[in-house]
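Here's structure-v4.cif, which has mmCIF, C-alpha atoms:
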data_work
#
loop_
_atom_site.group_PDB
_atom_site.id
_atom_site.type_symbol
_atom_site.label_atom_id
_atom_site.label_comp_id
_atom_site.auth_asym_id
_atom_site.auth_seq_id
_atom_site.Cartn_x
_atom_site.Cartn_y
_atom_site.Cartn_z
ATOM 1 C CA MET A 28 -0.106 11.461 4.611
ATOM 2 C CA SER A 29 2.992 11.916 6.762
ATOM 3 C CA LEU A 30 3.296 10.017 10.022
ATOM 4 C CA ARG A 31 5.373 12.796 11.606
ATOM 5 C CA ILE A 32 3.447 15.003 14.007
ATOM 6 C CA ASN A 33 5.499 18.012 12.916
ATOM 7 C CA ASP A 34 4.208 17.617 9.346
ATOM 8 C CA LEU A 35 0.501 17.590 10.238
ATOM 9 C CA ASN A 36 -1.751 20.601 10.624
ATOM 10 C CA TRP A 37 -4.052 20.779 13.611
ATOM 11 C CA GLU A 38 -7.129 19.582 11.718
ATOM 12 C CA GLN A 39 -5.284 16.540 10.363
ATOM 13 C CA PHE A 40 -4.109 15.771 13.890
ATOM 14 C CA ARG A 41 -7.635 16.193 15.308
ATOM 15 C CA ASP A 42 -9.049 13.764 12.746
ATOM 16 C CA ARG A 43 -6.462 11.078 13.562
ATOM 17 C CA VAL A 44 -5.819 11.278 17.311
ATOM 18 C CA PRO A 45 -7.133 9.392 19.180
ATOM 19 C CA SER A 46 -9.948 8.020 17.006
ATOM 20 C CA ARG A 47 -7.653 6.492 14.371
ATOM 21 C CA CYS A 48 -4.305 6.488 16.197
ATOM 22 C CA ASP A 49 -3.535 6.547 19.906
ATOM 23 C CA LEU A 50 0.144 5.486 19.717
ATOM 24 C CA ALA A 51 3.116 7.878 19.601
ATOM 25 C CA PHE A 52 6.779 7.046 19.084
ATOM 26 C CA VAL A 53 9.237 9.384 20.803
ATOM 27 C CA PRO A 54 12.887 9.060 19.680
ATOM 28 C CA VAL A 55 15.239 9.890 22.560
ATOM 29 C CA GLY A 56 18.979 10.425 22.270
ATOM 30 C CA THR A 57 21.936 12.569 23.241
ATOM 31 C CA ILE A 58 24.897 14.277 21.566
ATOM 32 C CA GLU A 59 28.051 12.288 22.247
ATOM 33 C CA ALA A 60 31.330 11.122 20.690
ATOM 34 C CA HIS A 61 30.966 7.797 18.847
ATOM 35 C CA GLY A 62 34.273 6.910 17.253
ATOM 36 C CA ALA A 63 34.016 7.672 13.524
ATOM 37 C CA ILE A 64 30.209 7.720 13.446
ATOM 38 C CA PRO A 65 28.148 10.885 14.105
ATOM 39 C CA LEU A 66 27.804 12.757 17.377
ATOM 40 C CA GLY A 67 24.049 12.391 16.921
ATOM 41 C CA THR A 68 24.104 8.598 16.524
ATOM 42 C CA ASP A 69 21.940 8.071 19.608
ATOM 43 C CA THR A 70 19.171 10.130 17.995
ATOM 44 C CA ILE A 71 19.719 9.086 14.371
ATOM 45 C CA ILE A 72 19.095 5.413 15.161
ATOM 46 C CA PRO A 73 15.838 5.879 17.151
ATOM 47 C CA GLU A 74 14.493 8.271 14.512
ATOM 48 C CA ALA A 75 15.144 5.694 11.790
ATOM 49 C CA LEU A 76 13.552 2.945 13.865
ATOM 50 C CA ALA A 77 10.490 5.115 14.463
ATOM 51 C CA THR A 78 10.206 5.737 10.723
ATOM 52 C CA ALA A 79 10.380 1.998 10.014
ATOM 53 C CA LEU A 80 8.016 0.929 12.797
ATOM 54 C CA ALA A 81 5.306 3.600 12.708
ATOM 55 C CA PRO A 82 3.528 2.375 9.551
ATOM 56 C CA LYS A 83 3.672 -1.215 10.784
ATOM 57 C CA LEU A 84 2.077 -0.376 14.133
ATOM 58 C CA ASN A 85 -0.261 2.505 13.226
ATOM 59 C CA ALA A 86 1.710 5.129 15.124
ATOM 60 C CA LEU A 87 2.646 8.772 14.730
ATOM 61 C CA ILE A 88 6.197 9.998 15.286
ATOM 62 C CA ALA A 89 6.879 12.827 17.717
ATOM 63 C CA PRO A 90 9.852 15.199 17.313
ATOM 64 C CA PRO A 91 12.967 13.703 18.932
ATOM 65 C CA ILE A 92 14.349 14.525 22.349
ATOM 66 C CA ALA A 93 17.914 15.075 21.153
ATOM 67 C CA TYR A 94 19.622 16.538 24.241
ATOM 68 C CA GLY A 95 20.305 13.903 26.859
ATOM 69 C CA VAL A 96 22.546 12.859 29.735
ATOM 70 C CA THR A 97 26.177 12.360 28.658
ATOM 71 C CA ASN A 98 28.784 11.432 31.256
ATOM 72 C CA THR A 99 31.830 9.320 30.394
ATOM 73 C CA LEU A 100 32.450 10.861 26.984
ATOM 74 C CA LEU A 101 31.437 14.427 27.793
ATOM 75 C CA PRO A 102 35.053 15.728 27.562
ATOM 76 C CA TYR A 103 35.226 14.759 23.866
ATOM 77 C CA PRO A 104 34.729 17.634 21.389
ATOM 78 C CA GLY A 105 31.101 18.068 20.372
ATOM 79 C CA SER A 106 29.619 16.071 23.249
ATOM 80 C CA THR A 107 26.981 17.854 25.310
ATOM 81 C CA THR A 108 24.787 17.093 28.305
ATOM 82 C CA VAL A 109 21.885 18.286 30.372
ATOM 83 C CA SER A 110 21.476 17.333 34.020
ATOM 84 C CA ALA A 111 19.655 14.121 34.833
ATOM 85 C CA ALA A 112 16.988 16.112 36.686
ATOM 86 C CA THR A 113 16.404 18.458 33.757
ATOM 87 C CA PHE A 114 16.300 15.583 31.284
ATOM 88 C CA ARG A 115 13.877 13.593 33.411
ATOM 89 C CA SER A 116 11.562 16.559 33.899
ATOM 90 C CA TYR A 117 11.641 17.619 30.253
ATOM 91 C CA LEU A 118 11.057 14.098 28.941
ATOM 92 C CA PHE A 119 8.110 13.647 31.283
ATOM 93 C CA GLU A 120 6.514 16.968 30.415
ATOM 94 C CA ALA A 121 7.009 16.412 26.669
ATOM 95 C CA THR A 122 5.463 12.948 26.733
ATOM 96 C CA ALA A 123 2.736 13.996 29.171
ATOM 97 C CA GLY A 124 1.857 16.706 26.673
ATOM 98 C CA LEU A 125 1.407 14.027 24.025
ATOM 99 C CA VAL A 126 -0.934 12.186 26.377
ATOM 100 C CA ASP A 127 -2.913 15.377 26.965
ATOM 101 C CA ALA A 128 -3.114 15.801 23.175
ATOM 102 C CA GLY A 129 -4.878 12.440 22.868
ATOM 103 C CA PHE A 130 -2.341 9.606 22.805
ATOM 104 C CA ARG A 131 -2.947 6.733 25.205
ATOM 105 C CA ARG A 132 0.206 4.750 24.368
ATOM 106 C CA ILE A 133 3.765 6.121 24.329
ATOM 107 C CA VAL A 134 6.830 4.268 23.044
ATOM 108 C CA MET A 135 10.136 5.901 23.957
ATOM 109 C CA LEU A 136 12.849 4.690 21.589
ATOM 110 C CA ASN A 137 15.910 5.406 23.703
ATOM 111 C CA GLY A 138 19.217 5.405 21.838
ATOM 112 C CA HIS A 139 21.535 6.141 24.780
ATOM 113 C CA GLY A 140 22.258 3.634 27.537
ATOM 114 C CA GLY A 141 23.640 6.357 29.799
ATOM 115 C CA GLN A 142 20.120 7.621 30.496
ATOM 116 C CA SER A 143 18.252 4.335 30.787
ATOM 117 C CA SER A 144 17.270 4.869 34.405
ATOM 118 C CA GLU A 145 15.896 8.349 33.731
ATOM 119 C CA VAL A 146 13.802 7.087 30.815
ATOM 120 C CA ALA A 147 12.503 4.206 32.934
ATOM 121 C CA ASP A 148 11.505 6.697 35.629
ATOM 122 C CA VAL A 149 9.438 8.614 33.078
ATOM 123 C CA VAL A 150 7.743 5.423 31.875
ATOM 124 C CA ALA A 151 6.608 4.738 35.439
ATOM 125 C CA ARG A 152 5.584 8.332 36.056
ATOM 126 C CA LEU A 153 3.422 8.451 32.924
ATOM 127 C CA TRP A 154 1.332 5.629 34.317
ATOM 128 C CA ASN A 155 1.328 6.876 37.903
ATOM 129 C CA GLU A 156 0.337 10.445 37.065
ATOM 130 C CA LYS A 157 -1.367 10.254 33.655
ATOM 131 C CA ARG A 158 -2.612 6.650 33.464
ATOM 132 C CA ALA A 159 -0.850 6.419 30.108
ATOM 133 C CA TYR A 160 0.526 3.148 28.806
ATOM 134 C CA ALA A 161 4.245 3.634 28.203
ATOM 135 C CA VAL A 162 7.247 1.503 27.322
ATOM 136 C CA ALA A 163 10.936 2.225 26.800
ATOM 137 C CA VAL A 164 12.707 0.390 23.977
ATOM 138 C CA GLU A 165 16.496 0.114 23.716
ATOM 139 C CA TRP A 166 17.375 -1.418 20.371
ATOM 140 C CA TRP A 167 20.604 -3.124 21.470
ATOM 141 C CA GLY A 168 18.592 -5.288 23.846
ATOM 142 C CA PHE A 169 16.919 -6.849 20.804
ATOM 143 C CA ALA A 170 20.161 -7.304 18.875
ATOM 144 C CA GLU A 171 22.238 -9.845 20.801
ATOM 145 C CA GLU A 172 21.252 -12.963 18.841
ATOM 146 C CA LEU A 173 21.419 -11.098 15.534
ATOM 147 C CA ALA A 174 24.869 -9.753 16.324
ATOM 148 C CA SER A 175 26.236 -13.154 17.279
ATOM 149 C CA ARG A 176 24.953 -14.606 14.006
ATOM 150 C CA ILE A 177 25.799 -11.772 11.580
ATOM 151 C CA TYR A 178 28.977 -10.601 13.306
ATOM 152 C CA PRO A 179 30.423 -13.719 14.994
ATOM 153 C CA ALA A 180 33.561 -13.430 17.099
ATOM 154 C CA THR A 181 33.155 -9.692 17.601
ATOM 155 C CA ILE A 182 32.962 -7.668 20.786
ATOM 156 C CA PRO A 183 29.930 -5.494 21.523
ATOM 157 C CA GLY A 184 30.266 -2.010 22.901
ATOM 158 C CA HIS A 185 29.614 1.682 22.502
ATOM 159 C CA ALA A 186 30.248 2.894 18.912
ATOM 160 C CA GLY A 187 31.466 -0.592 18.043
ATOM 161 C CA VAL A 188 30.335 -3.212 15.571
ATOM 162 C CA GLU A 189 26.570 -3.101 16.222
ATOM 163 C CA GLU A 190 26.124 0.646 16.547
ATOM 164 C CA THR A 191 28.293 1.258 13.499
ATOM 165 C CA ALA A 192 26.249 -1.300 11.547
ATOM 166 C CA MET A 193 23.052 0.581 12.351
ATOM 167 C CA VAL A 194 24.524 3.814 10.986
ATOM 168 C CA VAL A 195 25.924 2.029 7.928
ATOM 169 C CA ALA A 196 22.370 0.897 7.171
ATOM 170 C CA ILE A 197 20.736 4.250 7.932
ATOM 171 C CA ALA A 198 23.189 6.953 6.857
ATOM 172 C CA PRO A 199 26.461 5.546 5.462
ATOM 173 C CA ASP A 200 27.537 8.939 4.096
ATOM 174 C CA LEU A 201 27.889 10.204 7.672
ATOM 175 C CA ILE A 202 30.647 7.726 8.530
ATOM 176 C CA ASP A 203 34.336 8.538 8.246
ATOM 177 C CA GLY A 204 35.282 5.267 6.584
ATOM 178 C CA ALA A 205 38.995 5.984 6.633
ATOM 179 C CA ARG A 206 38.948 6.264 10.415
ATOM 180 C CA ALA A 207 36.201 3.812 11.350
ATOM 181 C CA THR A 208 38.360 0.717 11.751
ATOM 182 C CA LYS A 209 41.489 2.530 12.933
ATOM 183 C CA ILE A 210 40.232 4.941 15.575
ATOM 184 C CA ARG A 211 41.232 4.056 19.132
ATOM 185 C CA ARG A 212 39.203 1.428 20.999
ATOM 186 C CA PHE A 213 39.403 0.606 24.686
ATOM 187 C CA ALA A 214 37.685 -1.969 26.883
ATOM 188 C CA ARG A 215 35.772 -1.414 30.092
ATOM 189 C CA HIS A 216 37.569 -2.771 33.155
ATOM 190 C CA PRO A 217 36.011 -3.139 36.624
ATOM 191 C CA GLY A 218 39.203 -1.887 38.230
ATOM 192 C CA LEU A 219 39.665 1.204 36.094
ATOM 193 C CA ARG A 220 37.924 4.583 36.164
ATOM 194 C CA ALA A 221 39.179 7.325 33.849
ATOM 195 C CA ARG A 222 37.846 10.700 32.792
ATOM 196 C CA PRO A 223 38.094 11.410 29.926
ATOM 197 C CA PHE A 224 37.697 7.773 28.958
ATOM 198 C CA PRO A 225 40.740 6.904 26.822
ATOM 199 C CA ALA A 226 38.707 6.049 23.690
ATOM 200 C CA SER A 227 35.326 6.914 22.210
ATOM 201 C CA ILE A 228 34.775 3.297 21.163
ATOM 202 C CA ILE A 229 34.158 1.494 24.448
ATOM 203 C CA LEU A 230 34.261 -2.306 24.194
ATOM 204 C CA ASP A 231 32.588 -4.615 26.698
ATOM 205 C CA ARG A 232 35.763 -6.695 27.085
ATOM 206 C CA LYS A 233 39.366 -6.657 25.980
ATOM 207 C CA GLU A 234 39.877 -7.549 22.322
ATOM 208 C CA SER A 235 42.453 -9.737 20.672
ATOM 209 C CA ALA A 236 43.445 -8.940 17.079
ATOM 210 C CA ALA A 237 40.692 -6.746 15.560
ATOM 211 C CA GLU A 238 37.634 -8.300 17.240
ATOM 212 C CA GLY A 239 36.216 -4.953 18.266
ATOM 213 C CA ALA A 240 36.792 -3.034 15.048
ATOM 214 C CA PRO A 241 33.644 -1.739 13.315
ATOM 215 C CA VAL A 242 32.631 -3.532 10.114
ATOM 216 C CA LEU A 243 31.674 -1.421 7.085
ATOM 217 C CA ASP A 244 29.786 -4.097 5.166
ATOM 218 C CA ALA A 245 26.568 -2.635 3.723
ATOM 219 C CA ALA A 246 24.823 -5.979 3.130
ATOM 220 C CA LYS A 247 25.500 -7.244 6.641
ATOM 221 C CA ALA A 248 24.472 -3.876 8.090
ATOM 222 C CA ARG A 249 21.145 -3.970 6.248
ATOM 223 C CA GLU A 250 20.488 -7.528 7.432
ATOM 224 C CA PHE A 251 21.307 -6.485 10.994
ATOM 225 C CA TYR A 252 19.183 -3.325 10.906
ATOM 226 C CA ASP A 253 16.179 -5.068 9.350
ATOM 227 C CA GLY A 254 16.490 -7.814 11.921
ATOM 228 C CA VAL A 255 16.489 -5.315 14.778
ATOM 229 C CA VAL A 256 13.378 -3.640 13.359
ATOM 230 C CA GLY A 257 11.643 -7.013 13.170
ATOM 231 C CA GLU A 258 12.595 -7.982 16.720
ATOM 232 C CA ILE A 259 11.370 -4.675 18.135
ATOM 233 C CA GLU A 260 8.109 -4.903 16.191
ATOM 234 C CA ALA A 261 7.473 -8.388 17.566
ATOM 235 C CA GLY A 262 8.291 -7.282 21.101
ATOM 236 C CA LEU A 263 5.993 -4.273 20.934
ATOM 237 C CA ARG A 264 3.139 -6.325 19.527
ATOM 238 C CA GLU A 265 3.409 -8.582 22.575
ATOM 239 C CA VAL A 266 3.359 -5.554 24.883
ATOM 240 C CA PHE A 267 0.325 -4.099 23.141
ATOM 241 C CA ALA A 268 -1.488 -7.433 23.285
ATOM 242 C CA GLY A 269 -0.926 -7.533 27.029
ATOM 243 C CA TRP A 270 -2.125 -3.959 27.440
ATOM 244 C CA SER A 271 -5.293 -4.722 25.463
ATOM 245 C CA GLU A 272 -6.351 -7.186 28.151
ATOM 246 C CA ILE A 273 -6.186 -4.610 30.948
ATOM 247 C CA ARG A 274 -7.305 -1.441 29.135
ATOM 248 C CA PRO A 275 -10.760 -0.269 30.209
#

Kindly present the structure from the file in structure tokens form.
Amino acid sequence: MSLRINDLNWEQFRDRVPSRCDLAFVPVGTIEAHGAIPLGTDTIIPEALATALAPKLNALIAPPIAYGVTNTLLPYPGSTTVSAATFRSYLFEATAGLVDAGFRRIVMLNGHGGQSSEVADVVARLWNEKRAYAVAVEWWGFAEELASRIYPATIPGHAGVEETAMVVAIAPDLIDGARATKIRRFARHPGLRARPFPASIILDRKESAAEGAPVLDAAKAREFYDGVVGEIEAGLREVFAGWSEIRP
């Protein structure tokens, strides 16, 4: 039987939630320029992670929240945004609805760092107002050691090596391979503020040679993606173990 809530009928849902499953994954993203990888990268990655993790952790997968808060790269064609207030309210009401439907635990798989604070606010609000156990997961926070081992001497950043690797593993046909390593890259600088930002690949520091160029190696990408899935699974199991000690 499918693990996607959208695929279940109401009787199937009734028979599973909460008696057999009280955990929901909610993929959260935005629509934003990402170099030569898709505008929907920040939703594509969390959806794939939810698909990989749900059977391991006895969870159901909610429909994604695909419209998010885009700022720096909003001027790029195809990028969209909603206001932070609208996003925060909608995300809370959507996840609170899942709690009302029977879930006691909510995992928000957030794919966009530009809305981290809003997602964190909703995590807190779910407990404060609904007494629901909630956690926000941002995959890149689990990837630092993996990236340094699989992609040594590279520079992390938005739409760079790591994010491109995730898409290579998930949906390689959606990548413009001819442009991926050539499209403009630019590094963040504490003394510089520009809008539009001068590149849709935003590196964490200035590169020398081609340190920041995405890598289109399928085997390395699969190793990286599988490693991220494993790290997140381990982290969530620790969270759930802690929750089990305080749940009434």

Just the residues within 10 Å of Arg274 in chain A, please, counting all atoms listed in the file, with nothing from its chain fewer than 4 positions along; format it as a VMD selection string.
chain A and resid 160 269 to 270

Tell me, as a PyMOL selection string, which residues lie within 8 Å of range 53-56 of chain A, counting all atoms listed in the file; anything in the same chain fewer than 6 positions away does not count.
chain A and resi 67-70+73-74+77+88-95+122+133-139

Got a sec to resolve the PyMOL selection byres ((chain A and resi 145) around 10) on this structure and send the residues as a ChimeraX atom specification?
/A:95-96,111-112,114-116,118-119,141-144,146-150

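Distances here use only C-alpha atoms; by that measure, the residue among A:His61, A:His185, A:Lys157, A:Arg220 closest to Leu201 in chain A is A:His61.
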
Just so the selection is clear, what residues does the PyMOL selection byres ((chain A and resi 250) around 12) cover here, as a tab-separated table (two decimals) with C-alpha atoms, keeping the file's coordinate frame?
chain	number	residue	atom	x	y	z
A	170	ALA	CA	20.16	-7.30	18.88
A	173	LEU	CA	21.42	-11.10	15.53
A	174	ALA	CA	24.87	-9.75	16.32
A	176	ARG	CA	24.95	-14.61	14.01
A	177	ILE	CA	25.80	-11.77	11.58
A	178	TYR	CA	28.98	-10.60	13.31
A	189	GLU	CA	26.57	-3.10	16.22
A	192	ALA	CA	26.25	-1.30	11.55
A	193	MET	CA	23.05	0.58	12.35
A	195	VAL	CA	25.92	2.03	7.93
A	196	ALA	CA	22.37	0.90	7.17
A	197	ILE	CA	20.74	4.25	7.93
A	244	ASP	CA	29.79	-4.10	5.17
A	245	ALA	CA	26.57	-2.64	3.72
A	246	ALA	CA	24.82	-5.98	3.13
A	247	LYS	CA	25.50	-7.24	6.64
A	248	ALA	CA	24.47	-3.88	8.09
A	249	ARG	CA	21.14	-3.97	6.25
A	251	PHE	CA	21.31	-6.48	10.99
A	252	TYR	CA	19.18	-3.32	10.91
A	253	ASP	CA	16.18	-5.07	9.35
A	254	GLY	CA	16.49	-7.81	11.92
A	255	VAL	CA	16.49	-5.32	14.78
A	256	VAL	CA	13.38	-3.64	13.36
A	257	GLY	CA	11.64	-7.01	13.17

Check what the PyMOL selection byres ((chain A and resi 41-45) around 12) selects in the file above and give those residues as a ChimeraX atom specification.
/A:28-30,32,35-40,46-51,85-87,125-132

Distance CA of Pro102 in chain A-CA of Trp166 in chain A, one decimal place?
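Between these atoms lies a distance of 25.7 Å.
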